[in-house]
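S.K.: Dropping the structure in here first, questions after.
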Amino acid sequence: MRKEIPLAVTFVVGIVAVLAVYTGQSQAVRGMDQWFVTSTAFAVFLGAISQVSHHLRVVRNKRPNWQYSIVLLLALLTWTGVGIWDKAGGPRYTWLFSTFVVPLGATVGSLLAFYIGSAAYRAFRARNLDAAILLISGMIVMLGKAPIGEVISPFFSTATSWILDVPNTSVMRAINLGVFVGTMVQAVKILLGIERSHLGSSAK
Amino acid sequence: MGFFDWMQKIDRRWLYLLVFMSVAIPVVKPMGLPISIGKETEGFFAAIDALNPGDVMILTPEYGAAQVPEVGSMTTSAFRQAMNKGVRVLIFGVWPDGQGPTIAQGACEAISDELGKTYGVDWVNLGYKPGLDVTLKKMVDDVWEAAVGVDIKGNALESLPMMQDVRKAADCKLVANINIHGFGLEKTMAFIGIPTGMTVIGGNGAAGITEVIPYFRSGQLQGLLMGMRGAAEYEILVQKPGRAVVGMDAQSAAHVTIIIFVILANIGYLLEKRTKAAKAAGR
């Protein structure tokens, strides 16, 4: 029953949703949309409970790096408390957000410059013709997208536009079409119960 | 270690140091490199410029704190352009990390105060609303219901004068989605732009540009800000150069530094390969 019930629910809800859209039953679609929003909010709540219980176990059993779990639990409690007390747009919540989250996020984001620089230096090699084309076009776009490229030569800007407009656009369209067709096929497979990986390994 | 080998294996700490210097020095002492305006940025500016005073536009900042340096100024510049033009702005976000509207709130409050605008009359921030696609769909039918009747501060929407004119998404004339990846912009087009027929413009982090460029070329997107470069071009168009313009000098220096290292490594690699091939042939 652990797999039959979810499969039946998926099938019924999926078929009703498809029929409702194609027969113009907007009331039914709205009802299901409401369920979706509610279940999304519930999933956040469930996620928070799962995270708290996991990290409480880590602290209780003194697993490696258990100190970080205390930081996480304290942060979770603080944010939840301030969020409920002050609302998301309140001055205390905003202060907490702009004082902690924004600088921490920006720091993590800015580290990318070092990692990307290092990765490009170590991995970007013209080992064959394909890699050489990738390397040259990558360097042209890097220069074309920075003002220094135009200072060196207008060629970089023109070539960058061509690379983005012609090869990139055509390839991305092909990839997107493939992804959309694949998504539809996957949806039909899930609806019919052919694809079951979302139910967990025991359901296969 | 031979010279060619050294060229390929320079200690990464030297690279880190040079990248740090190439970013930090231009920020402290900008070089003022000229920045030309691309047609994508012109399209973004023109779309907001074509609105009439009193019109309402939707602005959806969908990014986290880590992406603020790259795309944050797109939101503030769009907000500034709209306020200067007398266009009213409705802000909200549906992306799961939910940070964008909160980040935008402080910056937009500062611009609003500077320009003598009033919250609730000239602009409203609904905050983060969970539900992603479904919430976007719901916005088309009923903005109030999608927002669960309250704004980011917990104010009832009935109490906000601007919201009396905004019951459904089609009451707005344009939607501008600022995102770090292409996914959010695609959803904005699919769930708001296409059903309402309203103008869609977007701003994306550089990493997501390749995904959304086809939509600009096809005309589905009227304007597109491409990465920090797009943000800098837009800052120039709204005549308020800021972080992104300064960042362009840093980006130029960092790109050149990385390119020099990549060229060095490749010269070393090719010369080493040739030396090995010559040795093998002489054997």
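Letters for chains follow the order of the structure tokens (A, B, ...), residue numbers begin at 1 for each chain, and ligand numbers begin at 1 in the order shown.
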Using only C-alpha atoms, which residues sit within 12 Å of Gln164 in chain B once same-chain residues fewer than 2 positions away are excluded, as a PyMOL selection string?
M.R.: chain B and resi 56+120-121+124+143-144+156-162+166-168+171
S.K.: What are the nearest atom pairs, with distances in Å to one decimal, for all residues of chain A that come at most 7 Å from chain B, using only C-alpha atoms, set out by chain and rising residue number as CSV?
M.R.:
residue,atom,partner,partner_atom,distance
A:Asp33,CA,B:Val134,CA,5.9
A:Val37,CA,B:Gly131,CA,4.8
A:Thr40,CA,B:Gly131,CA,6.2
A:Ala41,CA,B:Pro130,CA,6.8
A:Lys87,CA,B:Lys153,CA,6.3
A:Ala88,CA,B:Ile152,CA,6.3
A:Gly89,CA,B:Lys153,CA,4.7
A:Gly90,CA,B:Lys153,CA,6.2
A:Val101,CA,B:Ala65,CA,6.6
A:Val102,CA,B:Ala65,CA,4.6
A:Gly105,CA,B:Ala66,CA,4.0
A:Ala106,CA,B:Ala66,CA,4.1
A:Val108,CA,B:Ala66,CA,6.5
A:Gly109,CA,B:Ala66,CA,4.7
A:Phe114,CA,B:Tyr16,CA,5.7
A:Gly117,CA,B:Ile258,CA,5.7
A:Ser118,CA,B:Arg12,CA,6.4
A:Ala120,CA,B:Val262,CA,6.7
A:Tyr121,CA,B:Val262,CA,4.8
A:Phe124,CA,B:Val262,CA,6.7
A:Arg125,CA,B:Asn266,CA,5.8
A:Ala126,CA,B:Asn266,CA,6.7
A:Met139,CA,B:Ile259,CA,6.7
A:Met142,CA,B:His255,CA,6.3
A:Leu143,CA,B:His255,CA,7.0
A:Lys145,CA,B:Arg229,CA,6.7
A:Ala146,CA,B:Ser252,CA,5.0
A:Pro147,CA,B:Ile35,CA,5.7
A:Ile148,CA,B:Ser252,CA,5.5
A:Asn168,CA,B:Thr210,CA,6.6
A:Thr169,CA,B:Pro214,CA,5.1
A:Met172,CA,B:Glu211,CA,6.3
A:Arg173,CA,B:Pro214,CA,6.7
S.K.: Deliver the residues from the most recent selection as a file, using C-alpha atoms, as a PDB file, in the first residue's frame.
M.R.:
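Produced file part29.pdb, reproduced below:
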ATOM      1  CA  ASP A  33      -3.701  25.348  -6.701  1.00  0.00           C
ATOM      2  CA  VAL A  37       0.276  26.352  -1.877  1.00  0.00           C
ATOM      3  CA  THR A  40       4.250  23.847  -0.009  1.00  0.00           C
ATOM      4  CA  ALA A  41       3.935  25.838   3.226  1.00  0.00           C
ATOM      5  CA  LYS A  87       7.268  40.161  10.608  1.00  0.00           C
ATOM      6  CA  ALA A  88       9.608  39.777   7.596  1.00  0.00           C
ATOM      7  CA  GLY A  89       9.644  43.509   6.772  1.00  0.00           C
ATOM      8  CA  GLY A  90       9.991  44.762  10.354  1.00  0.00           C
ATOM      9  CA  VAL A 101      22.721  37.280   5.942  1.00  0.00           C
ATOM     10  CA  VAL A 102      23.680  39.889   3.335  1.00  0.00           C
ATOM     11  CA  GLY A 105      26.029  35.714   1.439  1.00  0.00           C
ATOM     12  CA  ALA A 106      28.128  38.313  -0.364  1.00  0.00           C
ATOM     13  CA  VAL A 108      30.423  33.325  -0.037  1.00  0.00           C
ATOM     14  CA  GLY A 109      29.439  34.681  -3.468  1.00  0.00           C
ATOM     15  CA  PHE A 114      38.957  32.918  -6.669  1.00  0.00           C
ATOM     16  CA  GLY A 117      40.033  31.865 -11.549  1.00  0.00           C
ATOM     17  CA  SER A 118      41.875  28.903 -10.085  1.00  0.00           C
ATOM     18  CA  ALA A 120      40.125  28.123 -15.244  1.00  0.00           C
ATOM     19  CA  TYR A 121      43.913  28.222 -14.789  1.00  0.00           C
ATOM     20  CA  PHE A 124      41.344  25.299 -19.340  1.00  0.00           C
ATOM     21  CA  ARG A 125      43.797  23.583 -21.722  1.00  0.00           C
ATOM     22  CA  ALA A 126      43.746  23.438 -25.532  1.00  0.00           C
ATOM     23  CA  MET A 139      38.387  34.344 -23.686  1.00  0.00           C
ATOM     24  CA  MET A 142      35.377  37.418 -21.143  1.00  0.00           C
ATOM     25  CA  LEU A 143      37.031  40.360 -22.874  1.00  0.00           C
ATOM     26  CA  LYS A 145      31.791  41.551 -21.695  1.00  0.00           C
ATOM     27  CA  ALA A 146      34.302  43.709 -19.820  1.00  0.00           C
ATOM     28  CA  PRO A 147      34.949  47.346 -20.841  1.00  0.00           C
ATOM     29  CA  ILE A 148      38.657  46.611 -21.221  1.00  0.00           C
ATOM     30  CA  ASN A 168      24.643  30.171 -28.326  1.00  0.00           C
ATOM     31  CA  THR A 169      21.056  31.024 -29.249  1.00  0.00           C
ATOM     32  CA  MET A 172      20.111  26.875 -26.343  1.00  0.00           C
ATOM     33  CA  ARG A 173      16.910  26.643 -28.402  1.00  0.00           C
TER      34      ARG A 173
END
S.K.: Could you tell me how far CA of Leu59 in chain B lies from CA of Asp86 in chain A, in Å and to one decimal?
M.R.: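 Atom-to-atom, CA of Leu59 in chain B and CA of Asp86 in chain A are spaced 24.3 Å apart.
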S.K.: Could you go through range 88-209 of chain B and tell me which residues DSSP, when run on the backbone, assigns to helix (DSSP H, G or I), listing them as number ranges by chain?
M.R.: B: 100-114, 133-141, 143-146, 157-159, 161-165, 169-171, 182-196, 206-209
S.K.: Which distance in Å separates CA of Leu185 in chain B and CA of Val94 in chain B, to one decimal?
M.R.: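 These two atoms are separated by 11.6 Å.
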S.K.: Report, in Å to a single decimal, how far apart CA of Lys62 in chain A and CA of Ala75 in chain A are.
M.R.: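 Between CA of Ala75 in chain A and CA of Lys62 in chain A the gap is 19.1 Å.
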S.K.: Quick one: residues within 12 Å of Leu72 in chain A, only C-alpha atoms, excluding same-chain residues fewer than 6 positions away - as a compact mmCIF listing (two decimals) with C-alpha atoms, in the first residue's frame?
M.R.:
# COMPACT_ATOMS: atom_id res chain seq x y z
CA ALA A 48 12.23 22.69 9.74
CA GLN A 51 16.31 19.71 10.42
CA VAL A 52 15.87 20.41 14.14
CA SER A 53 15.53 16.74 15.03
CA HIS A 54 18.58 15.81 12.91
CA HIS A 55 20.82 18.46 14.46
CA LEU A 56 19.57 17.71 17.99
CA VAL A 58 24.09 15.36 16.16
CA VAL A 59 24.56 17.46 19.32
CA ASN A 65 31.53 19.17 14.13
CA TRP A 66 28.54 19.09 16.50
CA THR A 78 16.43 33.36 16.45
CA TRP A 79 15.18 33.83 12.89
